[in-house]
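Source file: target.tsv. Holds: TSV, C-alpha atoms.
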chain	number	residue	atom	x	y	z
S	1	MET	CA	-107.76	-1.01	58.21
S	2	ALA	CA	-107.19	2.73	58.00
S	3	GLU	CA	-105.23	4.09	55.07
S	4	ARG	CA	-101.60	4.69	56.00
S	5	THR	CA	-100.00	8.01	55.27
S	6	PHE	CA	-97.24	8.51	52.74
S	7	GLU	CA	-94.84	9.19	55.60
S	8	SER	CA	-95.75	6.05	57.54
S	9	GLN	CA	-95.45	3.91	54.41
S	10	MET	CA	-92.08	5.45	53.59
S	11	ALA	CA	-90.84	4.85	57.14
S	12	ARG	CA	-91.88	1.20	56.92
S	13	LEU	CA	-90.18	0.81	53.53
S	14	GLU	CA	-86.97	2.29	54.95
S	15	GLU	CA	-87.20	-0.12	57.89
S	16	ILE	CA	-87.62	-3.06	55.50
S	17	VAL	CA	-84.57	-1.96	53.49
S	18	ARG	CA	-82.48	-1.76	56.68
S	19	LEU	CA	-83.62	-5.23	57.75
S	20	LEU	CA	-82.84	-6.73	54.35
S	21	GLU	CA	-79.47	-4.99	54.12
S	22	ARG	CA	-78.42	-6.51	57.44
S	23	GLY	CA	-79.02	-9.94	55.93
S	24	GLU	CA	-79.84	-11.51	59.29
S	25	ALA	CA	-83.41	-12.61	58.60
S	26	PRO	CA	-84.07	-16.17	57.47
S	27	LEU	CA	-84.84	-16.61	53.77
S	28	ASN	CA	-88.59	-17.04	54.33
S	29	GLU	CA	-88.79	-13.83	56.38
S	30	SER	CA	-86.61	-11.98	53.87
S	31	MET	CA	-88.97	-12.98	51.07
S	32	LYS	CA	-91.97	-11.71	53.06
S	33	LEU	CA	-90.18	-8.43	53.75
S	34	PHE	CA	-89.24	-8.08	50.09
S	35	GLU	CA	-92.86	-8.69	49.03
S	36	GLU	CA	-94.12	-6.12	51.54
S	37	GLY	CA	-91.49	-3.65	50.36
S	38	THR	CA	-92.48	-4.16	46.73
S	39	LYS	CA	-96.13	-3.46	47.56
S	40	LEU	CA	-95.19	-0.38	49.56
S	41	SER	CA	-93.01	0.89	46.73
S	42	ALA	CA	-95.88	0.53	44.27
S	43	SER	CA	-98.29	2.27	46.66
S	44	LEU	CA	-95.86	5.13	47.23
S	45	GLY	CA	-95.36	5.50	43.48
S	46	LYS	CA	-99.12	5.81	42.98
S	47	LEU	CA	-99.37	8.42	45.73
S	48	LEU	CA	-96.55	10.43	44.16
S	49	ASP	CA	-98.16	10.20	40.72
S	50	LYS	CA	-101.46	11.41	42.16
S	51	ALA	CA	-99.74	14.31	43.94
S	52	GLU	CA	-97.96	15.27	40.71
S	53	GLN	CA	-101.24	15.26	38.78
S	54	THR	CA	-102.85	17.43	41.46
S	55	MET	CA	-99.97	19.91	41.32
S	56	ARG	CA	-100.03	20.04	37.50
S	57	LYS	CA	-103.78	20.70	37.55
S	58	ALA	CA	-103.39	23.43	40.18
S	59	ALA	CA	-100.62	25.06	38.15
S	60	ALA	CA	-102.68	24.92	34.96
S	61	ASP	CA	-105.72	26.32	36.76
S	62	SER	CA	-103.57	29.11	38.18
S	63	LEU	CA	-102.27	30.03	34.73
S	64	ARG	CA	-105.81	30.13	33.32
S	65	ALA	CA	-106.95	32.38	36.19
S	66	ASP	CA	-104.28	35.00	35.38

I'd like the structure from this file rewritten - as structure tokens, please.
Amino acid sequence: MAERTFESQMARLEEIVRLLERGEAPLNESMKLFEEGTKLSASLGKLLDKAEQTMRKAAADSLRAD
């Protein structure tokens, strides 16, 4: 399976939140959605942490170059 982009993962997480907020899904389906949402949230957090580290390194490298 190809790696999903940050944007596609975020869109799916937002969709899951909307579905859960409506409260119309059966309990079993709601639990599956919640589990998927939890995994997506963790994945998105890791991507954001990695992006932050990249930006900090680029900023530090830029300061050293000056």

Query raised in the report: Which residues, written as a ChimeraX atom specification, have at least one atom at most 8 Å from Leu40 (chain S), with all atoms listed in the file counted and residues fewer than 6 positions away on the same chain left out?
Result: /S:9-10,13

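The space separating CA of Met31 (chain S) from CA of Asp49 (chain S) comes to 27.0 Å.
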
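CA of Ile16 (chain S) is positioned 6.2 Å from CA of Leu33 (chain S).
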
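The space separating CA of Lys57 (chain S) from CA of Ala42 (chain S) comes to 22.7 Å.
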
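Taking only C-alpha atoms into account, Ser8 (chain S) lies nearest to S:Leu44 out of the set S:Arg56, S:Gly23, S:Leu44, S:Ser30.
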